[in-house]
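Notes for the one structure printed next.
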Amino acid sequence: MPDRRPPDDHDHASCIEDALSEAEAVCAERGARLTDLRRRVLELVWTSHEPVGAYDILSRLGGDGRRAAPPTVYRALEFLLENGLVHRIESLNAFVGCPSPKAPHSGQFLLCTGCGTATELTDGAIQSAVSDAASRAGFRTGHVTLEIKGLCRHCAGTAAAKPRAHAH
Ligand SMILES: [Zn+2]
Ligand SMILES: [Zn+2]
Ligand SMILES: [Zn+2]
């Protein structure tokens, strides 16, 4: 396992709290039922900003002393996906919580190869550039998810610090 540190010091407990209360609001608005299991799965996805696979969610649930059958967890994830509460990162076959699930959108993700965190962008200009370019090619876009790999501010800063130190 590489040394993985959070990209920024921040109050992650409040990220989780915000995500859960957003989820409750979104579900209430849509008449969708955020059951205990769905809520717990969402909370587990929000353990960090690092995308998490279904298998890891299952084992974290096991740590709760709750034995959830895999299909139950997959259905919970499916529910969270359908309601835009989580996004799937295809290249990692993993899930990450959406910080702004109220308005449906397709995700654009900055994936840090250093610490593994995913940062979501919701840039309308990128969205329309993609669909314009596609329609010029006669292609009608369906589901669009952009996954951009690189280094987050924290990891890029750590990498840049070394050559600077040599320059002195
Ligand atoms: Zn956080
Ligand atoms: Zn999102
Ligand atoms: Zn990073």
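Each chain in the structure tokens gets a letter, A, B and so on, in the order shown; residues start at 1 in every chain, and ligands are counted from 1 in the order they appear.
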Go through chain A residue by residue and, counting only C-alpha atoms and all ligand atoms, keep those with an atom at most 10 Å from ligand 3; for each kept residue give the shortest atom pair and its distance in Å to one decimal, ordered by chain and increasing number, as a Markdown table.
```
| residue | atom | partner | partner_atom_place_in_ligand_line | distance |
| --- | --- | --- | --- | --- |
| A:Arg4 | CA | ligand 3 | 1 (Zn) | 8.1 |
| A:Arg5 | CA | ligand 3 | 1 (Zn) | 7.6 |
| A:Pro6 | CA | ligand 3 | 1 (Zn) | 7.2 |
| A:Pro7 | CA | ligand 3 | 1 (Zn) | 5.2 |
| A:Asp8 | CA | ligand 3 | 1 (Zn) | 8.9 |
| A:Glu50 | CA | ligand 3 | 1 (Zn) | 9.8 |
| A:Leu110 | CA | ligand 3 | 1 (Zn) | 9.7 |
| A:Leu111 | CA | ligand 3 | 1 (Zn) | 8.0 |
| A:Cys112 | CA | ligand 3 | 1 (Zn) | 4.6 |
| A:Thr113 | CA | ligand 3 | 1 (Zn) | 6.5 |
| A:Gly114 | CA | ligand 3 | 1 (Zn) | 4.6 |
| A:Cys115 | CA | ligand 3 | 1 (Zn) | 4.0 |
| A:Gly116 | CA | ligand 3 | 1 (Zn) | 6.1 |
| A:Thr117 | CA | ligand 3 | 1 (Zn) | 6.0 |
| A:Ala118 | CA | ligand 3 | 1 (Zn) | 8.6 |
| A:Thr119 | CA | ligand 3 | 1 (Zn) | 9.8 |
| A:Gly150 | CA | ligand 3 | 1 (Zn) | 8.2 |
| A:Leu151 | CA | ligand 3 | 1 (Zn) | 5.3 |
| A:Cys152 | CA | ligand 3 | 1 (Zn) | 4.2 |
| A:Arg153 | CA | ligand 3 | 1 (Zn) | 6.7 |
| A:His154 | CA | ligand 3 | 1 (Zn) | 5.6 |
| A:Cys155 | CA | ligand 3 | 1 (Zn) | 4.3 |
| A:Ala156 | CA | ligand 3 | 1 (Zn) | 7.2 |
| A:Gly157 | CA | ligand 3 | 1 (Zn) | 9.2 |
| A:Thr158 | CA | ligand 3 | 1 (Zn) | 9.3 |
```
What do you get as a VMD selection string if you pick all residues at most 8 Å from ligand 2, counting only C-alpha atoms and all ligand atoms? chain A and resid 84 to 87 97 to 101 104 to 107 120 to 122
Taking only residues of chain A that have an atom at most 8 Å from an atom of ligand 1, what is each one's shortest atom pair and its distance in Å to one decimal, using only C-alpha atoms and all ligand atoms, in chain and number order, as a Markdown table?
```
| residue | atom | partner | partner_atom_place_in_ligand_line | distance |
| --- | --- | --- | --- | --- |
| A:His10 | CA | ligand 1 | 1 (Zn) | 6.3 |
| A:Asp11 | CA | ligand 1 | 1 (Zn) | 6.3 |
| A:His12 | CA | ligand 1 | 1 (Zn) | 3.6 |
| A:Ala13 | CA | ligand 1 | 1 (Zn) | 6.9 |
| A:Ser14 | CA | ligand 1 | 1 (Zn) | 7.2 |
| A:Cys15 | CA | ligand 1 | 1 (Zn) | 4.6 |
| A:Ile16 | CA | ligand 1 | 1 (Zn) | 6.9 |
| A:Trp46 | CA | ligand 1 | 1 (Zn) | 7.9 |
| A:Ser48 | CA | ligand 1 | 1 (Zn) | 6.4 |
| A:His49 | CA | ligand 1 | 1 (Zn) | 6.2 |
```
File dump, residues just selected, N, CA and C atoms, as a compact mmCIF listing (two decimals), in the first residue's frame:
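The resulting result_17.txt:
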```txt
# COMPACT_ATOMS: atom_id res chain seq x y z
N HIS A 10 -8.98 19.07 6.34
CA HIS A 10 -10.31 19.67 6.41
C HIS A 10 -11.14 18.86 7.37
N ASP A 11 -12.26 19.44 7.74
CA ASP A 11 -13.13 18.79 8.69
C ASP A 11 -14.00 17.79 7.94
N HIS A 12 -13.48 16.57 7.79
CA HIS A 12 -14.22 15.60 6.98
C HIS A 12 -15.52 15.16 7.64
N ALA A 13 -15.55 15.22 8.98
CA ALA A 13 -16.79 14.86 9.67
C ALA A 13 -17.94 15.73 9.16
N SER A 14 -17.64 16.98 8.86
CA SER A 14 -18.72 17.84 8.38
C SER A 14 -19.07 17.54 6.92
N CYS A 15 -18.10 17.01 6.13
CA CYS A 15 -18.43 16.53 4.77
C CYS A 15 -19.47 15.42 4.88
N ILE A 16 -19.23 14.49 5.80
CA ILE A 16 -20.13 13.34 5.96
C ILE A 16 -21.50 13.81 6.42
N TRP A 46 -18.71 7.62 1.97
CA TRP A 46 -18.15 8.91 2.38
C TRP A 46 -17.05 8.79 3.44
N SER A 48 -14.09 8.50 3.09
CA SER A 48 -13.04 9.43 2.67
C SER A 48 -13.40 9.93 1.28
N HIS A 49 -12.49 10.71 0.67
CA HIS A 49 -12.73 11.19 -0.68
C HIS A 49 -12.11 10.25 -1.70
```
Based on the backbone DSSP call, show me all residues of chain A assigned strand (DSSP E), as a VMD selection string. chain A and resid 86 to 89 94 to 97 108 to 112 118 to 121 146 to 150
Residues near A:Thr35, anyone? I mean within 12 Å using only C-alpha atoms, not counting same-chain ones fewer than 2 positions away, as a PyMOL selection string. chain A and resi 23-24+27-28+32-33+37-42+72-73+75-76+79-80
How far is it from atom CA of A:Phe109 to atom CA of A:Thr145, in Å with one decimal?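 Spanning atom CA of A:Phe109 to atom CA of A:Thr145 is a straight-line distance of 7.8 Å.
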